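J.: Sharing final13.cif (mmCIF, C-alpha atoms and all ligand atoms) below.
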```
data_query
#
loop_
_atom_site.group_PDB
_atom_site.id
_atom_site.type_symbol
_atom_site.label_atom_id
_atom_site.label_comp_id
_atom_site.auth_asym_id
_atom_site.auth_seq_id
_atom_site.Cartn_x
_atom_site.Cartn_y
_atom_site.Cartn_z
ATOM 1 C CA MET A 30 -46.591 -61.208 23.082
ATOM 2 C CA SER A 31 -43.002 -62.455 23.089
ATOM 3 C CA ARG A 32 -44.348 -66.019 22.957
ATOM 4 C CA ASP A 33 -46.406 -65.015 19.917
ATOM 5 C CA ILE A 34 -43.273 -63.619 18.302
ATOM 6 C CA ASP A 35 -41.372 -66.815 19.072
ATOM 7 C CA ARG A 36 -44.197 -68.886 17.598
ATOM 8 C CA LEU A 37 -44.374 -66.711 14.455
ATOM 9 C CA THR A 38 -40.614 -67.026 14.100
ATOM 10 C CA GLU A 39 -40.841 -70.789 14.416
ATOM 11 C CA LEU A 40 -43.737 -71.157 11.987
ATOM 12 C CA LEU A 41 -43.067 -68.399 9.440
ATOM 13 C CA GLY A 42 -39.583 -67.007 9.961
ATOM 14 C CA VAL A 43 -36.895 -67.523 7.302
ATOM 15 C CA SER A 44 -33.390 -67.108 8.663
ATOM 16 C CA GLY A 45 -31.773 -63.887 7.511
ATOM 17 C CA ARG A 46 -34.745 -63.044 5.268
ATOM 18 C CA VAL A 47 -38.004 -62.888 7.258
ATOM 19 C CA GLY A 48 -37.840 -62.127 10.969
ATOM 20 C CA PHE A 49 -40.298 -61.218 13.714
ATOM 21 C CA GLY A 50 -39.567 -58.875 16.569
ATOM 22 C CA TRP A 51 -40.701 -56.030 18.752
ATOM 23 C CA SER A 52 -40.480 -52.438 17.524
ATOM 24 C CA PRO A 53 -39.278 -49.691 19.870
ATOM 25 C CA LEU A 54 -42.545 -47.995 18.824
ATOM 26 C CA GLY A 55 -44.319 -50.530 21.028
ATOM 27 C CA GLY A 56 -45.611 -53.386 18.911
ATOM 28 C CA PRO A 57 -44.759 -56.565 17.002
ATOM 29 C CA ILE A 58 -43.255 -56.248 13.535
ATOM 30 C CA VAL A 59 -42.062 -58.326 10.603
ATOM 31 C CA ARG A 60 -38.655 -57.525 9.103
ATOM 32 C CA LEU A 61 -37.921 -58.401 5.464
ATOM 33 C CA HIS A 62 -34.378 -58.528 4.050
ATOM 34 C CA THR A 63 -33.391 -58.933 0.384
ATOM 35 C CA ARG A 64 -29.981 -58.247 -1.175
ATOM 36 C CA GLY A 65 -29.231 -55.309 1.060
ATOM 37 C CA SER A 66 -32.768 -53.879 1.094
ATOM 38 C CA THR A 67 -34.943 -53.993 4.212
ATOM 39 C CA ALA A 68 -38.557 -53.302 5.148
ATOM 40 C CA GLU A 69 -40.452 -53.380 8.437
ATOM 41 C CA ILE A 70 -44.189 -53.916 8.793
ATOM 42 C CA ALA A 71 -46.219 -53.641 11.991
ATOM 43 C CA LEU A 72 -48.792 -56.374 12.628
ATOM 44 C CA ARG A 73 -51.045 -53.584 13.928
ATOM 45 C CA GLY A 74 -52.737 -52.287 10.838
ATOM 46 C CA ALA A 75 -50.441 -54.353 8.563
ATOM 47 C CA GLN A 76 -48.683 -51.001 8.309
ATOM 48 C CA VAL A 77 -45.359 -50.700 6.510
ATOM 49 C CA LEU A 78 -43.148 -48.593 8.796
ATOM 50 C CA SER A 79 -39.831 -48.628 6.961
ATOM 51 C CA TRP A 80 -38.412 -49.224 3.486
ATOM 52 C CA ARG A 81 -34.646 -48.935 2.979
ATOM 53 C CA PRO A 82 -33.555 -49.947 -0.550
ATOM 54 C CA ARG A 83 -30.014 -51.259 -0.938
ATOM 55 C CA ASP A 84 -27.402 -48.483 -0.529
ATOM 56 C CA ARG A 85 -30.183 -45.959 0.161
ATOM 57 C CA GLY A 86 -31.605 -44.406 3.296
ATOM 58 C CA GLU A 87 -35.124 -44.541 4.697
ATOM 59 C CA GLN A 88 -37.719 -43.683 2.035
ATOM 60 C CA LEU A 89 -40.783 -43.475 4.290
ATOM 61 C CA TRP A 90 -41.679 -40.820 6.828
ATOM 62 C CA LEU A 91 -42.717 -41.611 10.384
ATOM 63 C CA SER A 92 -44.002 -38.986 12.774
ATOM 64 C CA PRO A 93 -41.353 -38.323 15.439
ATOM 65 C CA VAL A 94 -44.101 -39.123 17.970
ATOM 66 C CA ALA A 95 -45.367 -42.274 16.225
ATOM 67 C CA ARG A 96 -46.427 -45.110 18.566
ATOM 68 C CA LEU A 97 -47.811 -48.570 17.944
ATOM 69 C CA ASP A 98 -49.218 -48.884 21.477
ATOM 70 C CA GLY A 99 -51.493 -45.836 21.416
ATOM 71 C CA ASP A 100 -55.194 -45.645 20.585
ATOM 72 C CA ALA A 101 -54.840 -43.677 17.355
ATOM 73 C CA ALA A 102 -53.569 -44.877 13.998
ATOM 74 C CA LEU A 103 -49.799 -44.456 13.694
ATOM 75 C CA ARG A 104 -48.953 -41.451 11.507
ATOM 76 C CA GLY A 105 -46.482 -42.422 8.861
ATOM 77 C CA GLY A 106 -45.305 -45.348 6.777
ATOM 78 C CA ILE A 107 -48.096 -46.861 4.671
ATOM 79 C CA PRO A 108 -51.425 -46.816 6.549
ATOM 80 C CA VAL A 109 -54.141 -49.055 5.069
ATOM 81 C CA CYS A 110 -57.378 -47.124 4.590
ATOM 82 C CA TRP A 111 -60.159 -49.744 4.199
ATOM 83 C CA PRO A 112 -63.045 -50.379 3.518
ATOM 84 C CA TRP A 113 -63.647 -46.653 3.056
ATOM 85 C CA PHE A 114 -61.406 -43.649 2.374
ATOM 86 C CA GLY A 115 -61.824 -40.472 4.411
ATOM 87 C CA PRO A 116 -64.815 -39.902 6.702
ATOM 88 C CA HIS A 117 -67.604 -42.499 6.664
ATOM 89 C CA ALA A 118 -70.268 -41.423 4.177
ATOM 90 C CA THR A 119 -73.204 -41.550 6.622
ATOM 91 C CA ASP A 120 -72.051 -42.458 10.144
ATOM 92 C CA ASN A 121 -69.844 -39.881 11.874
ATOM 93 C CA ARG A 122 -69.225 -42.274 14.752
ATOM 94 C CA GLN A 123 -67.119 -44.400 12.440
ATOM 95 C CA PRO A 124 -63.349 -43.751 12.255
ATOM 96 C CA SER A 125 -61.887 -41.875 9.326
ATOM 97 C CA HIS A 126 -60.210 -44.079 6.710
ATOM 98 C CA GLY A 127 -62.001 -47.259 7.789
ATOM 99 C CA PHE A 128 -61.435 -49.557 10.741
ATOM 100 C CA VAL A 129 -58.315 -51.625 10.065
ATOM 101 C CA ARG A 130 -55.450 -49.271 10.969
ATOM 102 C CA THR A 131 -55.580 -49.955 14.715
ATOM 103 C CA VAL A 132 -56.303 -53.683 14.824
ATOM 104 C CA MET A 133 -53.898 -56.636 14.722
ATOM 105 C CA TRP A 134 -53.830 -58.437 11.384
ATOM 106 C CA ARG A 135 -52.917 -62.122 11.201
ATOM 107 C CA VAL A 136 -49.682 -63.126 9.449
ATOM 108 C CA THR A 137 -50.683 -66.013 7.182
ATOM 109 C CA GLU A 138 -47.771 -66.545 4.805
ATOM 110 C CA THR A 139 -44.139 -65.599 4.269
ATOM 111 C CA ALA A 140 -41.757 -66.357 1.403
ATOM 112 C CA ALA A 141 -38.109 -65.724 0.604
ATOM 113 C CA GLU A 142 -36.923 -66.127 -2.972
ATOM 114 C CA SER A 143 -33.490 -65.290 -4.368
ATOM 115 C CA CYS A 144 -34.485 -61.724 -5.240
ATOM 116 C CA SER A 145 -37.448 -61.056 -2.943
ATOM 117 C CA ALA A 146 -38.983 -61.609 0.472
ATOM 118 C CA SER A 147 -42.666 -61.242 1.219
ATOM 119 C CA VAL A 148 -45.293 -61.463 3.927
ATOM 120 C CA VAL A 149 -49.084 -61.807 3.734
ATOM 121 C CA PHE A 150 -51.450 -60.370 6.359
ATOM 122 C CA ALA A 151 -55.149 -61.257 6.608
ATOM 123 C CA LEU A 152 -58.157 -59.709 8.290
ATOM 124 C CA GLU A 153 -61.911 -60.323 8.188
ATOM 125 C CA SER A 154 -64.164 -57.289 8.494
ATOM 126 C CA ARG A 155 -66.177 -58.910 11.293
ATOM 127 C CA GLU A 156 -62.921 -59.227 13.324
ATOM 128 C CA ALA A 157 -62.176 -55.543 13.020
ATOM 129 C CA SER A 158 -65.285 -53.418 12.875
ATOM 130 C CA HIS A 159 -66.176 -52.417 16.433
ATOM 131 C CA LEU A 160 -69.071 -50.193 15.459
ATOM 132 C CA GLY A 161 -70.534 -52.647 12.986
ATOM 133 C CA TRP A 162 -70.352 -52.677 9.235
ATOM 134 C CA PRO A 163 -73.339 -54.088 7.330
ATOM 135 C CA HIS A 164 -71.233 -56.195 4.957
ATOM 136 C CA GLN A 165 -68.719 -59.060 5.145
ATOM 137 C CA ALA A 166 -65.339 -58.902 3.477
ATOM 138 C CA GLY A 167 -61.888 -60.341 3.757
ATOM 139 C CA ALA A 168 -58.734 -58.317 3.230
ATOM 140 C CA LEU A 169 -55.298 -59.631 2.336
ATOM 141 C CA LEU A 170 -52.273 -57.325 2.406
ATOM 142 C CA THR A 171 -49.117 -58.582 0.731
ATOM 143 C CA VAL A 172 -45.799 -56.742 1.086
ATOM 144 C CA SER A 173 -43.048 -57.839 -1.302
ATOM 145 C CA LEU A 174 -39.499 -56.488 -0.985
ATOM 146 C CA GLY A 175 -37.130 -56.828 -3.928
ATOM 147 C CA ASP A 176 -35.159 -54.087 -5.599
ATOM 148 C CA GLY A 177 -38.381 -52.097 -5.053
ATOM 149 C CA LEU A 178 -41.359 -52.443 -2.725
ATOM 150 C CA THR A 179 -44.797 -53.704 -3.744
ATOM 151 C CA VAL A 180 -47.871 -53.468 -1.515
ATOM 152 C CA ALA A 181 -51.062 -55.242 -2.648
ATOM 153 C CA LEU A 182 -54.430 -54.939 -0.896
ATOM 154 C CA GLU A 183 -56.913 -57.570 -2.023
ATOM 155 C CA THR A 184 -60.552 -57.435 -0.984
ATOM 156 C CA GLU A 185 -63.035 -60.302 -1.319
ATOM 157 C CA ASN A 186 -66.744 -59.738 -0.792
ATOM 158 C CA SER A 187 -67.561 -62.759 1.385
ATOM 159 C CA GLY A 188 -71.097 -61.622 2.167
ATOM 160 C CA PRO A 189 -74.482 -61.843 0.426
ATOM 161 C CA THR A 190 -74.756 -58.167 -0.548
ATOM 162 C CA SER A 191 -72.800 -55.885 -2.867
ATOM 163 C CA PHE A 192 -70.998 -52.960 -1.325
ATOM 164 C CA GLU A 193 -69.078 -49.881 -2.418
ATOM 165 C CA LEU A 194 -65.378 -50.025 -1.588
ATOM 166 C CA THR A 195 -63.105 -47.012 -1.356
ATOM 167 C CA GLN A 196 -59.562 -47.414 -0.018
ATOM 168 C CA ALA A 197 -55.985 -46.171 -0.131
ATOM 169 C CA LEU A 198 -52.420 -47.155 0.522
ATOM 170 C CA HIS A 199 -51.815 -43.863 2.318
ATOM 171 C CA THR A 200 -48.053 -43.649 1.809
ATOM 172 C CA TYR A 201 -45.982 -41.042 3.660
ATOM 173 C CA PHE A 202 -42.695 -40.396 1.844
ATOM 174 C CA SER A 203 -39.716 -38.808 3.572
ATOM 175 C CA VAL A 204 -38.366 -35.724 1.739
ATOM 176 C CA GLY A 205 -35.537 -33.268 2.336
ATOM 177 C CA ASP A 206 -37.809 -30.226 2.242
ATOM 178 C CA ILE A 207 -41.311 -30.005 0.787
ATOM 179 C CA ALA A 208 -40.342 -26.822 -1.080
ATOM 180 C CA HIS A 209 -38.103 -28.856 -3.403
ATOM 181 C CA VAL A 210 -40.513 -31.701 -4.086
ATOM 182 C CA ARG A 211 -42.360 -32.421 -7.335
ATOM 183 C CA VAL A 212 -44.864 -35.089 -8.326
ATOM 184 C CA GLU A 213 -44.683 -35.863 -12.038
ATOM 185 C CA GLY A 214 -47.228 -37.684 -14.185
ATOM 186 C CA LEU A 215 -50.403 -35.762 -13.363
ATOM 187 C CA ASP A 216 -50.097 -33.006 -15.973
ATOM 188 C CA GLU A 217 -53.543 -32.160 -17.457
ATOM 189 C CA ARG A 218 -55.216 -34.536 -15.008
ATOM 190 C CA ALA A 219 -58.424 -33.437 -13.269
ATOM 191 C CA TYR A 220 -58.549 -33.411 -9.479
ATOM 192 C CA LEU A 221 -60.947 -32.721 -6.610
ATOM 193 C CA ASP A 222 -59.649 -30.020 -4.303
ATOM 194 C CA LYS A 223 -60.712 -31.154 -0.818
ATOM 195 C CA LEU A 224 -59.699 -27.759 0.548
ATOM 196 C CA ASP A 225 -62.226 -25.997 -1.645
ATOM 197 C CA GLY A 226 -65.410 -28.044 -1.363
ATOM 198 C CA ASN A 227 -64.133 -30.735 -3.728
ATOM 199 C CA ALA A 228 -63.987 -28.188 -6.550
ATOM 200 C CA ARG A 229 -62.934 -29.894 -9.766
ATOM 201 C CA ARG A 230 -59.740 -28.468 -11.264
ATOM 202 C CA VAL A 231 -57.082 -29.441 -13.812
ATOM 203 C CA GLN A 232 -53.407 -29.861 -13.017
ATOM 204 C CA HIS A 233 -50.895 -27.966 -15.108
ATOM 205 C CA GLY A 234 -47.381 -29.384 -15.059
ATOM 206 C CA ASP A 235 -45.766 -31.079 -12.081
ATOM 207 C CA VAL A 236 -47.439 -30.796 -8.678
ATOM 208 C CA ARG A 237 -45.461 -28.629 -6.275
ATOM 209 C CA PHE A 238 -46.169 -27.804 -2.640
ATOM 210 C CA ALA A 239 -46.158 -24.277 -1.229
ATOM 211 C CA GLN A 240 -49.237 -24.581 1.041
ATOM 212 C CA GLU A 241 -51.619 -27.237 2.368
ATOM 213 C CA VAL A 242 -52.519 -29.651 -0.427
ATOM 214 C CA ASP A 243 -55.296 -32.249 -0.192
ATOM 215 C CA ARG A 244 -56.363 -33.454 -3.652
ATOM 216 C CA ILE A 245 -57.835 -36.550 -5.260
ATOM 217 C CA TYR A 246 -56.491 -36.845 -8.820
ATOM 218 C CA ASP A 247 -58.062 -38.821 -11.654
ATOM 219 C CA SER A 248 -54.725 -40.535 -12.214
ATOM 220 C CA ASP A 249 -56.272 -43.515 -14.001
ATOM 221 C CA GLY A 250 -53.298 -45.786 -13.384
ATOM 222 C CA ALA A 251 -50.711 -43.309 -14.718
ATOM 223 C CA ALA A 252 -47.076 -43.943 -13.807
ATOM 224 C CA LEU A 253 -45.976 -41.228 -11.370
ATOM 225 C CA ALA A 254 -42.657 -40.045 -9.999
ATOM 226 C CA LEU A 255 -41.845 -38.266 -6.775
ATOM 227 C CA THR A 256 -38.710 -36.149 -7.251
ATOM 228 C CA ASP A 257 -36.901 -34.550 -4.355
ATOM 229 C CA ASP A 258 -34.667 -31.902 -5.885
ATOM 230 C CA GLY A 259 -33.506 -31.021 -2.400
ATOM 231 C CA ALA A 260 -32.066 -34.492 -1.834
ATOM 232 C CA ASP A 261 -29.689 -34.924 -4.791
ATOM 233 C CA GLY A 262 -32.656 -35.389 -7.142
ATOM 234 C CA ARG A 263 -33.817 -38.610 -5.492
ATOM 235 C CA ARG A 264 -36.596 -39.967 -7.595
ATOM 236 C CA ILE A 265 -39.137 -42.631 -6.670
ATOM 237 C CA ARG A 266 -41.248 -44.183 -9.398
ATOM 238 C CA ILE A 267 -44.807 -45.064 -8.344
ATOM 239 C CA ALA A 268 -46.745 -47.622 -10.377
ATOM 240 C CA SER A 269 -50.237 -48.860 -9.586
ATOM 241 C CA GLU A 270 -52.807 -51.509 -10.492
ATOM 242 C CA GLY A 271 -56.504 -51.436 -9.713
ATOM 243 C CA SER A 272 -56.417 -47.716 -8.971
ATOM 244 C CA ALA A 273 -57.856 -44.816 -10.952
ATOM 245 C CA SER A 274 -57.158 -42.148 -8.319
ATOM 246 C CA THR A 275 -54.172 -40.759 -6.463
ATOM 247 C CA VAL A 276 -54.359 -38.616 -3.345
ATOM 248 C CA LEU A 277 -51.722 -35.966 -2.698
ATOM 249 C CA TRP A 278 -51.508 -34.503 0.781
ATOM 250 C CA ASN A 279 -49.348 -32.212 2.829
ATOM 251 C CA PRO A 280 -51.028 -30.620 5.878
ATOM 252 C CA TRP A 281 -48.718 -27.577 6.004
ATOM 253 C CA SER A 282 -48.108 -25.738 9.242
ATOM 254 C CA GLU A 283 -51.569 -24.917 10.622
ATOM 255 C CA LYS A 284 -53.220 -28.297 9.940
ATOM 256 C CA ALA A 285 -50.087 -30.056 11.158
ATOM 257 C CA ALA A 286 -50.323 -28.181 14.460
ATOM 258 C CA ARG A 287 -54.022 -29.099 14.764
ATOM 259 C CA LEU A 288 -53.365 -32.773 14.103
ATOM 260 C CA GLY A 289 -51.151 -32.938 17.173
ATOM 261 C CA ASP A 290 -49.216 -36.089 16.160
ATOM 262 C CA MET A 291 -47.029 -34.677 13.410
ATOM 263 C CA GLY A 292 -44.133 -34.018 15.795
ATOM 264 C CA PRO A 293 -42.328 -30.688 16.225
ATOM 265 C CA ALA A 294 -43.244 -27.597 14.237
ATOM 266 C CA GLY A 295 -41.715 -27.918 10.806
ATOM 267 C CA ALA A 296 -41.929 -31.720 10.681
ATOM 268 C CA TYR A 297 -44.546 -31.338 7.936
ATOM 269 C CA ARG A 298 -41.780 -30.004 5.684
ATOM 270 C CA THR A 299 -40.103 -33.424 5.649
ATOM 271 C CA MET A 300 -43.038 -35.459 4.352
ATOM 272 C CA VAL A 301 -45.492 -35.780 1.492
ATOM 273 C CA CYS A 302 -48.276 -38.303 0.979
ATOM 274 C CA VAL A 303 -48.722 -39.872 -2.449
ATOM 275 C CA GLU A 304 -51.575 -42.333 -1.963
ATOM 276 C CA THR A 305 -52.508 -45.057 -4.428
ATOM 277 C CA ALA A 306 -56.260 -45.176 -3.976
ATOM 278 C CA ASN A 307 -59.816 -45.857 -5.014
ATOM 279 C CA ALA A 308 -61.209 -42.552 -3.741
ATOM 280 C CA GLY A 309 -63.426 -39.678 -4.807
ATOM 281 C CA ASN A 310 -65.364 -40.738 -7.890
ATOM 282 C CA ASP A 311 -63.185 -43.869 -8.161
ATOM 283 C CA VAL A 312 -65.532 -46.212 -6.260
ATOM 284 C CA ILE A 313 -65.314 -50.005 -6.569
ATOM 285 C CA ARG A 314 -68.689 -51.733 -6.465
ATOM 286 C CA LEU A 315 -67.997 -55.278 -5.315
ATOM 287 C CA ALA A 316 -70.625 -57.986 -5.854
ATOM 288 C CA PRO A 317 -70.818 -61.056 -3.588
ATOM 289 C CA GLY A 318 -67.909 -63.413 -4.208
ATOM 290 C CA ARG A 319 -65.971 -60.865 -6.292
ATOM 291 C CA ARG A 320 -62.454 -59.605 -5.556
ATOM 292 C CA HIS A 321 -60.500 -56.403 -6.164
ATOM 293 C CA ARG A 322 -56.751 -55.799 -5.922
ATOM 294 C CA LEU A 323 -55.178 -52.408 -5.267
ATOM 295 C CA VAL A 324 -51.427 -52.464 -5.879
ATOM 296 C CA ALA A 325 -48.676 -49.879 -5.450
ATOM 297 C CA THR A 326 -45.111 -50.530 -6.578
ATOM 298 C CA TYR A 327 -42.298 -48.192 -5.552
ATOM 299 C CA SER A 328 -38.849 -48.215 -7.147
ATOM 300 C CA ILE A 329 -35.845 -45.923 -7.013
ATOM 301 C CA ALA A 330 -34.992 -44.318 -10.357
ATOM 302 C CA ASP A 331 -31.279 -43.899 -10.757
ATOM 303 C CA SER A 332 -31.550 -40.823 -12.926
ATOM 304 C CA ARG A 333 -33.967 -38.063 -13.745
ATOM 305 C CA THR A 334 -34.680 -39.696 -17.085
ATOM 306 C CA GLN A 335 -35.910 -42.986 -15.654
HETATM 307 O O1 LIG B 1 -55.338 -38.555 2.436
HETATM 308 C C1 LIG B 1 -55.450 -37.224 2.878
HETATM 309 C C2 LIG B 1 -56.333 -37.222 4.118
HETATM 310 O O2 LIG B 1 -57.626 -37.691 3.829
HETATM 311 C C3 LIG B 1 -56.338 -35.799 4.685
HETATM 312 O O3 LIG B 1 -57.585 -35.171 4.469
HETATM 313 C C4 LIG B 1 -56.024 -36.023 6.169
HETATM 314 O O4 LIG B 1 -57.208 -36.281 6.883
HETATM 315 C C5 LIG B 1 -55.110 -37.237 6.079
HETATM 316 O O5 LIG B 1 -55.772 -38.077 5.131
HETATM 317 C C6 LIG B 1 -54.778 -37.914 7.385
HETATM 318 O O6 LIG B 1 -55.882 -38.599 7.884
HETATM 319 P P1 LIG B 1 -55.727 -39.287 9.352
HETATM 320 O O7 LIG B 1 -57.020 -39.949 9.613
HETATM 321 O O8 LIG B 1 -54.575 -40.245 9.250
HETATM 322 O O9 LIG B 1 -55.380 -38.138 10.277
#
```
Rewrite the coordinates I just gave you, this time as structure tokens.
T.:
Amino acid sequence: MSRDIDRLTELLGVSGRVGFGWSPLGGPIVRLHTRGSTAEIALRGAQVLSWRPRDRGEQLWLSPVARLDGDAALRGGIPVCWPWFGPHATDNRQPSHGFVRTVMWRVTETAAESCSASVVFALESREASHLGWPHQAGALLTVSLGDGLTVALETENSGPTSFELTQALHTYFSVGDIAHVRVEGLDERAYLDKLDGNARRVQHGDVRFAQEVDRIYDSDGAALALTDDGADGRRIRIASEGSASTVLWNPWSEKAARLGDMGPAGAYRTMVCVETANAGNDVIRLAPGRRHRLVATYSIADSRTQ
């Protein structure tokens, strides 16, 4: 693999801006650098593992037991759930959240501009689906690092039949303590409560976390903000394109213990998932030759008013 890294560096590296290397988690990664900000993305799953904006610490959460060389999807960062979200609708042999989190994506492009650095990963469904998927599609994942971080997942239906696409950029944010965390922008929005048979409810005010939360909100492209009052009011703005739903998830203590890869007891208190998605009733029906882009853009707000 070191020869592959050398070759990627030769073909696609940009000195001081786009580098390739080996993560201590056990797999190849791309490192992006722009004006003091950095990001790291694993080739396995095209999974963002780290985002450190200039003069700020790590914004993403990684399980303390995260590995890139295991069989399971790495818990943390920004997993790519594609071409379905959650359990497969009809085939329980299929993996949850699709089949692209544990396969190597190809790096096809890199770029370094004055204010940004980016990398493009590509994958064809026929390369990745081990249990078979009755459609053909190509996926492109573009990560762009500037003052913020933008992740775009583009799907093209390259086959002869239409299919229903559900997906998510399943982002794990690092927080001081879940008890002091709020998600703003979903007031009066309806949501499906996955912990209560997908009961349909309405959100009142900011979303706070005092127990397991697993909800699919009809966010309809609303601008959101994750505020961590326990970490000097750190506030991350979350913008989206091509998404009408947002998933909020914290497993809390019992589910975290059952998952087995969340790390030590209490680790769940230091994370929250805010997932830019097409999930629940937000299903994309993609005709042959058509494309869809799902985009999440994260930026640090310097004050509570931004
Ligand atoms: O997005 C929330 C969710 O669907 C939860 O129900 C939980 O399953 C979580 O994703 C993690 O899924 P994973 O397959 O990564 O364990």
J.: Could you name the residues that touch segment 78-89 of chain A at 6 Å or less, counting all atoms listed in the file, but leaving out those on the same chain fewer than 5 positions away, as an MDAnalysis selection string?
T.: chainID A and resid 65:70 106 201:203
J.: Please write out, as lines of an AutoDock Vina configuration file, where the centre of an axis-aligned box around all listed atoms of ligand LIG 1 (chain B) lies and how long its edges are, in Å to one decimal, after adding 8 Å on each side.
T.:
```
center_x = -56.1
center_y = -37.7
center_z = 6.4
size_x = 19.1
size_y = 21.1
size_z = 23.8
```
J.: Given the file above and the PyMOL selection byres (((not hetatm)) within 8 of (chain B and resi 1)), which residues are selected, and can you give them as number ranges by chain?
T.: A: 102-104, 108, 114-115, 124-126, 199, 223, 243-244, 276-280, 288, 302, 304
J.: Which residue out of A:Gly175, A:Ala208, A:Leu182, A:Glu283 has the minimum interatomic distance to Ser328 of chain A when all atoms listed in the file are used?
T.: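 Ranking A:Gly175, A:Ala208, A:Leu182, A:Glu283 by distance to Ser328 of chain A, first place goes to A:Gly175.
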J.: Would you please work out which residue, of A:Ala254, A:Ala294, A:Ile58, A:Leu194, is nearest to Ile34 of chain A when using all atoms listed in the file?
T.: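 Smallest separation from Ile34 of chain A among the options: A:Ile58.
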J.: Let me make sure I understand: among A:Asp258, A:Glu39, A:Asp176, A:Asp206, which one has the smallest atom-to-atom distance to Arg298 of chain A if we use only C-alpha atoms?
T.: A:Asp206
J.: Which one is closest to Ala141 of chain A: A:Val172, A:Leu54, A:Ala75, A:Leu198? Count all atoms listed in the file.
T.: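 Distance minimum relative to Ala141 of chain A lands on A:Val172.
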J.: In terms of the shortest atom-to-atom distance over only C-alpha atoms, which of A:Asp100, A:Val94, A:Leu323, A:Thr275 is closest to Leu221 of chain A?
T.: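 Nearest to Leu221 of chain A: A:Thr275.
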J.: With a cut-off of 8 Å, could you pull out the residues of segment 133-212 of chain A touching segment 232-240 of chain A and give me the nearest pair of atoms for each, distance in Å to one decimal, using all atoms listed in the file, ordered by chain and ascending number, as a Markdown table?
T.:
```
| residue | atom | partner | partner_atom | distance |
| --- | --- | --- | --- | --- |
| A:Ile207 | CA | A:Phe238 | CA | 6.3 |
| A:Ala208 | CA | A:Phe238 | CA | 6.1 |
| A:His209 | CA | A:Arg237 | CA | 7.9 |
| A:Val210 | CA | A:Arg237 | CA | 6.2 |
| A:Arg211 | CA | A:Arg237 | CA | 5.0 |
| A:Val212 | CA | A:Val236 | CA | 5.0 |
```
J.: Please list as a list in words every residue within 10 Å of Pro163 of chain A, counting all atoms listed in the file and excluding residues in the same chain fewer than 5 positions away.
T.: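 Listed by chain and then number, they are Ser154, Arg155, Ser158, Gly188, Thr190 and Phe192 of chain A.
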